[in-house]
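J.: Data: model-v5.txt, compact mmCIF, C-alpha atoms.
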```txt
# COMPACT_ATOMS: atom_id res chain seq x y z
CA MET P 20 56.26 -93.95 -67.75
CA ALA P 21 53.76 -94.94 -65.06
CA ALA P 22 50.33 -96.09 -66.15
CA GLU P 23 47.58 -93.52 -65.85
CA SER P 24 45.14 -93.82 -62.95
CA THR P 25 41.44 -93.71 -63.61
CA ALA P 26 38.56 -93.03 -61.28
CA THR P 27 34.81 -93.29 -61.43
CA ALA P 28 32.33 -90.68 -60.31
CA PRO P 29 31.11 -90.36 -56.72
CA SER P 30 27.78 -91.96 -55.89
CA SER P 31 26.08 -88.77 -54.72
CA PHE P 32 26.02 -85.16 -55.76
CA PRO P 33 24.22 -82.50 -53.72
CA SER P 34 21.23 -80.89 -55.39
CA THR P 35 21.03 -77.12 -55.38
CA HIS P 36 17.36 -77.43 -54.41
CA ARG P 37 17.68 -79.87 -51.50
CA PRO P 38 19.66 -79.77 -48.23
CA ARG P 39 23.23 -80.94 -48.66
CA PRO P 40 23.80 -84.46 -47.27
CA ARG P 41 25.68 -84.55 -43.98
CA SER P 42 28.08 -87.19 -45.28
CA ARG P 43 28.91 -88.72 -48.62
CA PRO P 44 30.15 -92.20 -49.48
CA SER P 45 33.47 -92.92 -51.15
CA PHE P 46 34.01 -92.79 -54.88
CA VAL P 47 32.21 -95.68 -56.57
CA SER P 48 30.79 -96.56 -59.99
CA LEU P 49 28.08 -94.46 -61.56
CA ARG P 50 26.01 -97.61 -61.86
CA THR P 51 25.28 -97.68 -58.14
CA ARG P 52 21.96 -96.36 -56.92
CA ALA P 53 21.83 -92.56 -56.88
CA ALA P 54 21.26 -90.64 -53.67
CA ASN P 55 18.22 -88.59 -54.75
CA PRO P 56 15.59 -88.47 -57.55
CA ALA P 57 17.27 -85.55 -59.31
CA THR P 58 20.45 -87.59 -59.65
CA VAL P 59 18.50 -90.66 -60.82
CA ASN P 60 16.87 -88.65 -63.61
CA ALA P 61 20.21 -87.21 -64.68
CA ALA P 62 21.81 -90.65 -64.74
CA ALA P 63 18.98 -92.10 -66.84
CA ALA P 64 19.60 -89.50 -69.54
CA ASP P 65 23.26 -90.48 -70.16
CA PRO P 66 23.88 -87.43 -72.39
CA ALA P 67 25.65 -87.70 -75.73
CA PRO P 68 28.88 -85.73 -76.19
CA ALA P 69 28.67 -82.40 -77.98
CA PHE P 70 32.40 -82.25 -78.77
CA GLN P 71 35.41 -84.50 -78.98
CA SER P 72 37.48 -82.10 -76.91
CA VAL P 73 36.93 -78.87 -74.93
CA THR P 74 39.47 -76.50 -73.41
CA ALA P 75 38.33 -74.21 -70.59
CA PHE P 76 40.08 -71.46 -68.64
CA ALA P 77 39.33 -70.41 -65.05
CA PRO P 78 40.76 -67.25 -63.45
CA ALA P 79 42.58 -66.61 -60.22
CA THR P 80 40.46 -65.52 -57.29
CA VAL P 81 40.88 -63.27 -54.27
CA ALA P 82 38.97 -64.76 -51.34
CA ASN P 83 37.87 -63.08 -48.10
CA LEU P 84 38.59 -59.54 -49.35
CA GLY P 85 39.45 -58.59 -45.78
CA PRO P 86 36.36 -58.85 -43.56
CA GLY P 87 34.49 -61.32 -45.79
CA PHE P 88 36.18 -64.45 -44.43
CA ASP P 89 34.83 -67.56 -46.18
CA PHE P 90 31.86 -65.77 -47.75
CA LEU P 91 33.21 -63.10 -50.13
CA GLY P 92 35.48 -63.44 -53.13
CA CYS P 93 36.15 -62.11 -56.61
CA ALA P 94 37.74 -63.29 -59.83
CA VAL P 95 40.80 -61.58 -61.32
CA ALA P 96 42.67 -62.13 -64.59
CA ASP P 97 45.11 -60.47 -66.96
CA ALA P 98 44.68 -59.88 -70.69
CA SER P 99 46.85 -62.84 -71.68
CA LEU P 100 44.87 -65.29 -69.50
CA SER P 101 48.08 -66.38 -67.83
CA LEU P 102 46.65 -65.69 -64.38
CA GLY P 103 44.60 -68.85 -64.09
CA ASP P 104 44.48 -72.53 -65.01
CA THR P 105 43.49 -74.27 -68.23
CA VAL P 106 41.98 -77.74 -68.61
CA THR P 107 41.36 -79.72 -71.78
CA ALA P 108 38.80 -82.50 -71.43
CA THR P 109 38.82 -85.12 -74.19
CA LEU P 110 36.64 -88.16 -74.85
CA ASP P 111 38.82 -91.22 -74.39
CA PRO P 112 37.47 -94.54 -75.74
CA THR P 113 40.54 -96.39 -74.42
CA LEU P 114 39.33 -95.92 -70.83
CA PRO P 115 36.53 -97.80 -69.05
CA PRO P 116 33.16 -95.98 -69.32
CA ALA P 117 32.35 -93.40 -66.65
CA THR P 118 35.96 -92.86 -65.63
CA VAL P 119 38.35 -89.92 -65.57
CA SER P 120 42.09 -90.02 -66.21
CA ILE P 121 44.69 -87.29 -65.70
CA ALA P 122 46.68 -87.56 -68.93
CA SER P 123 49.11 -84.73 -68.22
CA VAL P 124 49.94 -81.90 -65.85
CA THR P 125 52.14 -79.07 -67.10
CA SER P 126 53.17 -75.62 -65.92
CA PRO P 127 55.08 -73.67 -68.59
CA SER P 128 56.05 -70.85 -66.24
CA ARG P 129 56.88 -73.16 -63.30
CA PRO P 130 58.11 -76.51 -64.70
CA HIS P 131 58.93 -77.88 -61.23
CA LEU P 132 55.34 -77.36 -60.08
CA ALA P 133 53.92 -80.11 -62.30
CA ASP P 134 56.00 -82.74 -60.50
CA ARG P 135 54.26 -81.88 -57.22
CA LEU P 136 50.77 -82.61 -58.50
CA SER P 137 49.34 -86.11 -58.52
CA LYS P 138 47.97 -87.76 -61.65
CA ASP P 139 45.60 -89.79 -59.52
CA PRO P 140 42.17 -88.27 -60.32
CA LEU P 141 41.09 -88.72 -56.70
CA ARG P 142 44.08 -86.70 -55.49
CA ASN P 143 44.05 -83.97 -58.12
CA CYS P 144 41.73 -80.97 -57.90
CA ALA P 145 40.90 -81.08 -61.61
CA GLY P 146 40.27 -84.82 -61.43
CA VAL P 147 37.91 -84.64 -58.46
CA ALA P 148 35.90 -81.82 -60.06
CA ALA P 149 35.75 -83.63 -63.40
CA ILE P 150 34.44 -86.76 -61.68
CA ALA P 151 31.81 -84.72 -59.83
CA ALA P 152 30.74 -83.00 -63.07
CA LEU P 153 30.39 -86.37 -64.84
CA ARG P 154 28.25 -87.58 -61.97
CA ALA P 155 26.03 -84.49 -62.03
CA LEU P 156 25.58 -84.91 -65.79
CA GLY P 157 24.73 -88.59 -65.44
CA VAL P 158 27.39 -89.72 -67.90
CA ARG P 159 27.75 -93.52 -67.90
CA SER P 160 28.84 -94.48 -71.41
CA HIS P 161 31.88 -92.27 -71.96
CA ALA P 162 35.25 -91.68 -70.32
CA VAL P 163 37.25 -88.46 -70.18
CA SER P 164 40.96 -87.72 -70.06
CA ILE P 165 42.15 -84.45 -68.56
CA HIS P 166 45.12 -82.28 -69.52
CA LEU P 167 45.82 -79.66 -66.84
CA THR P 168 47.96 -76.58 -67.47
CA LYS P 169 48.78 -74.70 -64.29
CA GLY P 170 49.19 -70.96 -64.55
CA LEU P 171 48.93 -70.33 -60.80
CA PRO P 172 51.46 -71.23 -58.11
CA LEU P 173 50.47 -73.56 -55.28
CA GLY P 174 49.74 -72.21 -51.82
CA SER P 175 49.74 -68.62 -53.04
CA GLY P 176 46.35 -67.39 -51.86
CA LEU P 177 45.16 -66.92 -55.45
CA GLY P 178 42.75 -69.83 -55.59
CA SER P 179 45.05 -72.27 -57.36
CA SER P 180 43.03 -75.37 -56.48
CA ALA P 181 39.75 -73.61 -57.30
CA ALA P 182 41.01 -72.57 -60.73
CA SER P 183 41.91 -76.16 -61.59
CA ALA P 184 38.56 -77.41 -60.32
CA ALA P 185 36.55 -74.69 -62.07
CA ALA P 186 38.27 -75.21 -65.41
CA ALA P 187 37.78 -78.98 -65.19
CA ALA P 188 34.09 -78.76 -64.27
CA LYS P 189 33.46 -76.23 -67.05
CA ALA P 190 35.35 -78.29 -69.67
CA VAL P 191 33.56 -81.54 -68.82
CA ASP P 192 30.16 -79.87 -68.77
CA ALA P 193 30.78 -78.23 -72.17
CA LEU P 194 32.00 -81.56 -73.55
CA PHE P 195 28.47 -82.88 -73.02
CA GLY P 196 26.53 -79.83 -74.17
CA SER P 197 26.71 -77.40 -71.20
CA ARG P 198 23.77 -78.93 -69.34
CA LEU P 199 24.67 -77.98 -65.77
CA GLY P 200 23.58 -74.82 -64.02
CA LEU P 201 26.07 -72.48 -62.41
CA ASP P 202 25.26 -73.75 -58.91
CA ASP P 203 25.90 -77.33 -60.03
CA LEU P 204 29.26 -76.34 -61.51
CA VAL P 205 30.20 -74.68 -58.23
CA LEU P 206 29.13 -77.76 -56.28
CA ALA P 207 31.28 -79.93 -58.55
CA GLY P 208 34.22 -77.67 -57.75
CA LEU P 209 33.39 -77.81 -54.05
CA GLU P 210 33.88 -81.58 -54.12
CA SER P 211 37.48 -80.75 -54.96
CA GLU P 212 37.87 -77.82 -52.59
CA LYS P 213 36.67 -79.77 -49.56
CA ALA P 214 39.49 -82.26 -50.09
CA VAL P 215 42.08 -79.47 -50.08
CA SER P 216 40.98 -76.74 -47.71
CA GLY P 217 37.46 -77.45 -46.49
CA PHE P 218 33.91 -76.91 -47.70
CA HIS P 219 33.95 -73.20 -48.50
CA ALA P 220 33.03 -71.57 -51.80
CA ASP P 221 34.65 -68.13 -51.65
CA ASN P 222 37.23 -69.19 -54.28
CA ILE P 223 35.36 -71.68 -56.44
CA ALA P 224 32.19 -69.55 -56.73
CA PRO P 225 33.88 -66.49 -58.31
CA ALA P 226 36.13 -68.81 -60.35
CA ILE P 227 32.97 -70.19 -61.97
CA LEU P 228 30.72 -67.12 -61.99
CA GLY P 229 33.27 -64.32 -62.34
CA GLY P 230 33.04 -60.91 -60.68
CA PHE P 231 32.25 -60.54 -56.97
CA VAL P 232 30.27 -63.32 -55.28
CA LEU P 233 28.74 -63.59 -51.82
CA VAL P 234 28.21 -67.07 -50.37
CA ARG P 235 24.99 -66.66 -48.41
CA SER P 236 24.50 -70.24 -47.19
CA TYR P 237 25.32 -73.88 -47.86
CA ASP P 238 22.15 -75.52 -46.58
CA PRO P 239 20.29 -74.62 -48.71
CA PHE P 240 23.06 -73.70 -51.13
CA HIS P 241 22.72 -70.04 -52.12
CA LEU P 242 25.17 -67.80 -53.96
CA VAL P 243 24.60 -64.07 -54.53
CA PRO P 244 26.51 -62.57 -57.48
CA LEU P 245 27.31 -58.92 -56.78
CA SER P 246 27.04 -56.89 -59.97
CA SER P 247 29.32 -53.87 -59.96
CA PRO P 248 28.75 -51.00 -62.42
CA PRO P 249 30.60 -51.45 -65.74
CA ALA P 250 32.24 -48.06 -65.20
CA LEU P 251 34.11 -49.38 -62.15
CA ARG P 252 37.73 -49.71 -63.35
CA LEU P 253 39.01 -51.78 -60.49
CA HIS P 254 42.56 -53.14 -60.72
CA PHE P 255 44.30 -55.51 -58.35
CA VAL P 256 48.00 -55.35 -57.57
CA LEU P 257 48.96 -58.90 -56.63
CA VAL P 258 52.35 -59.35 -55.01
CA THR P 259 53.41 -62.92 -54.25
CA PRO P 260 56.52 -63.52 -52.12
CA ASP P 261 58.74 -66.57 -52.45
CA PHE P 262 57.02 -68.17 -49.49
CA GLU P 263 54.35 -70.84 -49.28
CA ALA P 264 51.45 -70.51 -46.86
CA PRO P 265 49.50 -73.79 -46.70
CA THR P 266 45.79 -73.17 -46.18
CA SER P 267 45.68 -75.73 -43.36
CA LYS P 268 48.40 -73.90 -41.43
CA MET P 269 46.79 -70.50 -41.95
CA ARG P 270 43.41 -71.82 -40.81
CA ALA P 271 44.95 -73.31 -37.70
CA ALA P 272 46.06 -69.80 -36.72
CA LEU P 273 42.52 -68.43 -36.60
CA PRO P 274 41.11 -67.39 -33.23
CA LYS P 275 38.76 -69.89 -31.59
CA GLU P 276 36.64 -67.15 -30.04
CA VAL P 277 35.70 -63.65 -31.20
CA ALA P 278 34.44 -60.84 -28.97
CA VAL P 279 31.00 -59.45 -29.78
CA GLN P 280 32.45 -56.00 -30.42
CA GLN P 281 34.93 -57.42 -32.95
CA HIS P 282 32.16 -59.38 -34.63
CA VAL P 283 29.98 -56.30 -34.96
CA ARG P 284 32.82 -54.21 -36.38
CA ASN P 285 33.83 -56.85 -38.92
CA SER P 286 30.21 -57.42 -39.93
CA SER P 287 29.76 -53.71 -40.59
CA GLN P 288 32.92 -53.63 -42.70
CA ALA P 289 31.77 -56.64 -44.74
CA ALA P 290 28.38 -55.01 -45.27
CA ALA P 291 30.10 -51.79 -46.37
CA LEU P 292 32.22 -53.78 -48.81
CA VAL P 293 29.14 -55.37 -50.39
CA ALA P 294 27.42 -51.98 -50.65
CA ALA P 295 30.55 -50.46 -52.18
CA VAL P 296 30.75 -53.16 -54.85
CA LEU P 297 27.11 -52.67 -55.82
CA GLN P 298 27.52 -48.89 -55.90
CA GLY P 299 30.84 -48.98 -57.73
CA ASP P 300 32.59 -47.03 -54.94
CA ALA P 301 36.26 -48.00 -55.35
CA GLY P 302 37.37 -45.91 -52.37
CA LEU P 303 34.95 -47.61 -50.01
CA ILE P 304 35.87 -51.04 -51.40
CA GLY P 305 39.50 -50.37 -50.54
CA SER P 306 38.75 -48.92 -47.11
CA ALA P 307 36.47 -51.78 -46.08
CA MET P 308 38.87 -54.38 -47.49
CA SER P 309 41.65 -52.98 -45.30
CA SER P 310 39.57 -53.11 -42.11
CA ASP P 311 39.49 -56.76 -41.12
CA GLY P 312 40.05 -56.96 -37.38
CA ILE P 313 39.75 -60.73 -36.88
CA VAL P 314 41.51 -62.86 -39.52
CA GLU P 315 44.22 -60.60 -40.92
CA PRO P 316 45.75 -59.73 -37.51
CA THR P 317 46.30 -63.44 -36.78
CA ARG P 318 47.64 -64.37 -40.23
CA ALA P 319 49.79 -61.35 -41.08
CA PRO P 320 52.51 -62.22 -38.51
CA LEU P 321 52.93 -65.61 -40.25
CA ILE P 322 53.87 -63.89 -43.53
CA PRO P 323 57.26 -62.15 -43.12
CA GLY P 324 56.96 -58.45 -43.92
CA MET P 325 53.18 -58.42 -44.51
CA ALA P 326 52.45 -55.48 -42.20
CA ALA P 327 55.12 -53.37 -43.90
CA VAL P 328 53.84 -54.39 -47.33
CA LYS P 329 50.34 -53.19 -46.49
CA GLU P 330 51.66 -49.87 -45.20
CA ALA P 331 53.83 -49.43 -48.31
CA ALA P 332 50.87 -50.09 -50.62
CA LEU P 333 48.70 -47.51 -48.91
CA GLN P 334 51.47 -44.91 -48.88
CA ALA P 335 52.04 -45.48 -52.61
CA GLY P 336 48.41 -44.63 -53.34
CA ALA P 337 46.50 -47.91 -53.10
CA LEU P 338 42.90 -47.59 -51.94
CA GLY P 339 43.21 -50.68 -49.77
CA CYS P 340 45.38 -53.71 -49.08
CA THR P 341 44.96 -57.07 -47.37
CA ILE P 342 45.98 -60.72 -47.59
CA SER P 343 44.58 -62.58 -50.59
CA GLY P 344 42.85 -65.69 -49.29
CA ALA P 345 45.10 -67.55 -46.86
CA GLY P 346 48.16 -65.80 -48.30
CA PRO P 347 51.00 -65.20 -48.75
CA THR P 348 49.96 -63.01 -51.71
CA ALA P 349 49.19 -59.43 -50.74
CA VAL P 350 46.46 -57.72 -52.78
CA ALA P 351 46.10 -53.96 -53.16
CA ILE P 352 43.19 -52.19 -54.84
CA ILE P 353 43.57 -49.26 -57.24
CA GLU P 354 41.13 -47.55 -59.59
CA GLY P 355 42.54 -47.56 -63.11
CA GLU P 356 46.08 -48.76 -63.70
CA ASP P 357 48.04 -45.49 -63.54
CA LYS P 358 49.50 -46.19 -60.10
CA GLY P 359 49.83 -49.92 -60.59
CA GLU P 360 53.56 -50.11 -61.23
CA GLU P 361 54.40 -47.71 -58.39
CA VAL P 362 52.25 -49.59 -55.89
CA ALA P 363 53.64 -52.94 -57.05
CA ARG P 364 57.25 -51.75 -56.76
CA SER P 365 56.65 -50.42 -53.24
CA MET P 366 55.11 -53.70 -52.13
CA VAL P 367 57.88 -55.83 -53.65
CA ASP P 368 60.51 -53.63 -51.98
CA ALA P 369 58.73 -53.91 -48.63
CA PHE P 370 58.64 -57.70 -48.79
CA TRP P 371 62.40 -57.66 -49.27
CA SER P 372 63.31 -54.95 -46.76
CA ALA P 373 60.96 -56.09 -43.98
CA GLY P 374 60.62 -59.80 -44.62
CA LYS P 375 63.76 -60.67 -46.61
CA LEU P 376 61.52 -62.30 -49.21
CA LYS P 377 61.80 -61.96 -52.96
CA ALA P 378 58.46 -61.27 -54.57
CA THR P 379 56.83 -60.97 -57.97
CA SER P 380 53.97 -58.69 -58.93
CA THR P 381 51.07 -58.82 -61.35
CA ILE P 382 48.50 -56.16 -62.13
CA ALA P 383 45.13 -57.72 -62.90
CA GLN P 384 41.61 -56.59 -63.60
CA LEU P 385 38.31 -57.75 -62.20
CA ASP P 386 37.34 -60.78 -64.28
CA ARG P 387 33.60 -60.61 -64.92
CA LEU P 388 33.36 -63.83 -66.97
CA GLY P 389 34.67 -66.57 -64.71
CA ALA P 390 35.32 -70.04 -66.13
CA ARG P 391 34.83 -70.11 -69.89
CA VAL P 392 35.40 -72.32 -72.90
CA ILE P 393 38.30 -71.10 -75.04
CA ALA P 394 38.55 -73.91 -77.62
CA THR P 395 36.59 -76.90 -78.90
CA SER P 396 37.03 -79.66 -81.45
CA THR P 397 34.36 -81.90 -82.93
CA MET P 398 34.69 -85.48 -84.03
CA ASP P 399 34.57 -84.33 -87.66
CA GLN P 400 37.51 -81.99 -87.06
CA VAL P 401 39.51 -84.80 -85.47
CA LEU P 402 38.77 -87.15 -88.36
CA GLU P 403 39.60 -84.46 -90.89
CA ALA P 404 42.94 -83.75 -89.23
CA SER P 405 43.86 -87.44 -89.16
CA THR P 406 42.78 -88.26 -92.73
CA PRO P 407 45.56 -88.03 -95.36
CA PRO P 408 44.81 -85.86 -98.43
CA LEU P 409 43.36 -87.63 -101.43
CA MET P 410 45.97 -88.08 -104.17
CA LEU P 411 44.65 -87.48 -107.71
```
Render the structure in this file as structure tokens.
T.:
Amino acid sequence: MAAESTATAPSSFPSTHRPRPRSRPSFVSLRTRAANPATVNAAAADPAPAFQSVTAFAPATVANLGPGFDFLGCAVADASLSLGDTVTATLDPTLPPATVSIASVTSPSRPHLADRLSKDPLRNCAGVAAIAALRALGVRSHAVSIHLTKGLPLGSGLGSSAASAAAAAKAVDALFGSRLGLDDLVLAGLESEKAVSGFHADNIAPAILGGFVLVRSYDPFHLVPLSSPPALRLHFVLVTPDFEAPTSKMRAALPKEVAVQQHVRNSSQAAALVAAVLQGDAGLIGSAMSSDGIVEPTRAPLIPGMAAVKEAALQAGALGCTISGAGPTAVAIIEGEDKGEEVARSMVDAFWSAGKLKATSTIAQLDRLGARVIATSTMDQVLEASTPPLML
């Protein structure tokens, strides 16, 4: 078996209260001079671990939501927490201090997927986010090993990389006492996202915060959580065809110029979507989500059968339908779950009849929690488990 790679934390981490640096140096030791006073103070603290091991889960996300390209997204999950990624972060005294190692990558539902993911922490979304979280915490005396369990397929438009990054950042932060703010956790995840698909937070922000999130600006960094009424019973029919749509390819298809009239129309639809979320108006959410006139028209032709899938979803009773993120997953909105199976079946059939693609469906709910800790173990528990019983 190949030796595990380790990596140290990056030498700078953007503060949520200062403009983001225009460029950042390569990954180097934590012992180098920090980029700003906030980072220096964090590094001086060198926090003590709160646990021996922490397991965190982060949900799938639906980015863009139609007209909200790169600034709107929401978190979705199922009751079994299979629609998302899980990361276990463990203190590892066998590693050099201030380093991260990817100990394992598994995918129970897609065994072949694990072989496609690197164990190099600098080339793995969970590893990059874990390194960034260690840096933000100022950890210098401890090393962490990461076990990543993938529940999401790659290149699906469900925020697979963001889920790995969010779970890793959350697990590492909790390992050292949950000292980071939500913005700092998102920024740690963004270090990972920028390496995969660019510096945009419409997946990582809802993966961390849960619910609907609006990304207002990056400089200064400002997220706006959109609180929907608890009575809103929004369900998402997610249909993923057997087809991979790399984010880089889907971004390359975007128009280089947009007419003013198109811009105005899309802006009004995005504003209506935000208002609908805050008001709990499921019908308006679906209508606005279906009304993107800029991004969806250029991406839909790259996903075989997508136009027919959207039409089938609406005819089956969905309130709205669009491409989830960069695709190829199609997402339809329904209120309650009564029509879920019918809508899902219609969409799966349309992918096959119009695009000759097999597809799988999942019915999920709005996930209001975002990344969360699901298990911990203390040093005492580890010692207790490894100590043989006393024989009398």
J.: Take atom CA of P:Gln298 and atom CA of P:Gln334 and report the distance between them in Å, one decimal.
T.: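 A separation of 25.3 Å between them.
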J.: Just to confirm, what's the straight-line distance from atom CA of P:Lys138 to atom CA of P:Gly103 in Å (one decimal)?
T.: 19.4 Å
J.: Quick one: distance from atom CA of P:Gln281 to atom CA of P:Phe90 in Å, one decimal?
T.: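 Interatomic distance, atom CA of P:Gln281 to atom CA of P:Phe90: 17.3 Å.
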J.: Identify which of the residues P:Pro347, P:Gly359, P:Gly324, P:Gly196 lies closest to P:Glu263, counting all atoms listed in the file when measuring atom-to-atom distances.
T.: P:Pro347
J.: Under the rule that all atoms listed in the file are counted, which of P:Ser267, P:His254, P:Leu303, P:Asp261 is the nearest residue to P:Glu354?
T.: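 Of P:Ser267, P:His254, P:Leu303, P:Asp261, the one nearest P:Glu354, counting all atoms listed in the file, is P:His254.
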J.: For P:Val350, which residue among P:Gln71, P:Thr109, P:Asn83, P:Ser99 is the nearest when counting all atoms listed in the file?
T.: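 Looking at the shortest contact to P:Val350, the residue is P:Asn83.
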J.: From the set P:Leu167, P:Ile352, P:Met325, P:Ala151, which residue has the shortest atom-to-atom contact distance to P:Val124, counting all atoms listed in the file?
T.: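 Comparing P:Leu167, P:Ile352, P:Met325, P:Ala151 against P:Val124, the winner is P:Leu167.
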J.: Quick one: of P:Ala94, P:Ala349, P:Ile165, P:Ala152, who's nearest to P:Ile121, counting all atoms listed in the file?
T.: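 Looking at the shortest contact to P:Ile121, the residue is P:Ile165.
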J.: Select all residues near (49.8, -46.4, -52.0) (cut-off 12 Å, inclusive, file coordinates), counting all atoms listed in the file, and output them as a ChimeraX atom specification.
T.: /P:256,305,327-340,350-354,357-366
J.: For those residues, write C-alpha atoms to a file as a short mmCIF file (atom, residue, chain, number, x, y, z; two decimals), keeping the file's coordinate frame.
T.:
```
data_model
loop_
_atom_site.label_atom_id
_atom_site.label_comp_id
_atom_site.auth_asym_id
_atom_site.auth_seq_id
_atom_site.Cartn_x
_atom_site.Cartn_y
_atom_site.Cartn_z
CA VAL P 256 48.00 -55.35 -57.57
CA GLY P 305 39.50 -50.37 -50.54
CA ALA P 327 55.12 -53.37 -43.90
CA VAL P 328 53.84 -54.39 -47.33
CA LYS P 329 50.34 -53.19 -46.49
CA GLU P 330 51.66 -49.87 -45.20
CA ALA P 331 53.83 -49.43 -48.31
CA ALA P 332 50.87 -50.09 -50.62
CA LEU P 333 48.70 -47.51 -48.91
CA GLN P 334 51.47 -44.91 -48.88
CA ALA P 335 52.04 -45.48 -52.61
CA GLY P 336 48.41 -44.63 -53.34
CA ALA P 337 46.50 -47.91 -53.10
CA LEU P 338 42.90 -47.59 -51.94
CA GLY P 339 43.21 -50.68 -49.77
CA CYS P 340 45.38 -53.71 -49.08
CA VAL P 350 46.46 -57.72 -52.78
CA ALA P 351 46.10 -53.96 -53.16
CA ILE P 352 43.19 -52.19 -54.84
CA ILE P 353 43.57 -49.26 -57.24
CA GLU P 354 41.13 -47.55 -59.59
CA ASP P 357 48.04 -45.49 -63.54
CA LYS P 358 49.50 -46.19 -60.10
CA GLY P 359 49.83 -49.92 -60.59
CA GLU P 360 53.56 -50.11 -61.23
CA GLU P 361 54.40 -47.71 -58.39
CA VAL P 362 52.25 -49.59 -55.89
CA ALA P 363 53.64 -52.94 -57.05
CA ARG P 364 57.25 -51.75 -56.76
CA SER P 365 56.65 -50.42 -53.24
CA MET P 366 55.11 -53.70 -52.13
#
```
J.: Within 10 Å of P:Phe218, counting all atoms listed in the file, which residues qualify if same-chain residues fewer than 5 places away don't, as a list in words?
T.: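 So, after excluding close chain neighbours, the residues are Asp89, Leu206, Leu209, Glu210, Ser211, Glu212, Lys213 and Tyr237 of chain P.
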J.: Point out the residue among P:Thr341, P:Gly312, P:Lys169, P:Gly217 with the least atom-to-atom distance to P:Ala278, counting only C-alpha atoms.
T.: P:Gly312
J.: May I have the residues at most 10 Å from (50.3, -69.5, -50.8) in the file's coordinates, counting all atoms listed in the file, as a list of chain:residue names?
T.: P:Pro172, P:Leu173, P:Gly174, P:Ser175, P:Gly176, P:Leu177, P:Gly178, P:Ser179, P:Thr259, P:Pro260, P:Asp261, P:Phe262, P:Glu263, P:Ala264, P:Pro265, P:Thr266, P:Met269, P:Ile322, P:Ser343, P:Gly344, P:Ala345, P:Gly346, P:Pro347, P:Thr348
J.: Could you write out that same residue set with C-alpha atoms as a compact mmCIF listing (two decimals), keeping the file's coordinate frame?
T.:
```
# COMPACT_ATOMS: atom_id res chain seq x y z
CA PRO P 172 51.46 -71.23 -58.11
CA LEU P 173 50.47 -73.56 -55.28
CA GLY P 174 49.74 -72.21 -51.82
CA SER P 175 49.74 -68.62 -53.04
CA GLY P 176 46.35 -67.39 -51.86
CA LEU P 177 45.16 -66.92 -55.45
CA GLY P 178 42.75 -69.83 -55.59
CA SER P 179 45.05 -72.27 -57.36
CA THR P 259 53.41 -62.92 -54.25
CA PRO P 260 56.52 -63.52 -52.12
CA ASP P 261 58.74 -66.57 -52.45
CA PHE P 262 57.02 -68.17 -49.49
CA GLU P 263 54.35 -70.84 -49.28
CA ALA P 264 51.45 -70.51 -46.86
CA PRO P 265 49.50 -73.79 -46.70
CA THR P 266 45.79 -73.17 -46.18
CA MET P 269 46.79 -70.50 -41.95
CA ILE P 322 53.87 -63.89 -43.53
CA SER P 343 44.58 -62.58 -50.59
CA GLY P 344 42.85 -65.69 -49.29
CA ALA P 345 45.10 -67.55 -46.86
CA GLY P 346 48.16 -65.80 -48.30
CA PRO P 347 51.00 -65.20 -48.75
CA THR P 348 49.96 -63.01 -51.71
```
J.: Hey, can I get the axis-aligned box for stretch 112-122 of chain P? All listed atoms, 8 Å padding on each side, centre and edge lengths in Å to one decimal, as lines of an AutoDock Vina configuration file.
T.:
```
center_x = 39.5
center_y = -92.5
center_z = -70.7
size_x = 30.3
size_y = 26.5
size_z = 26.2
```
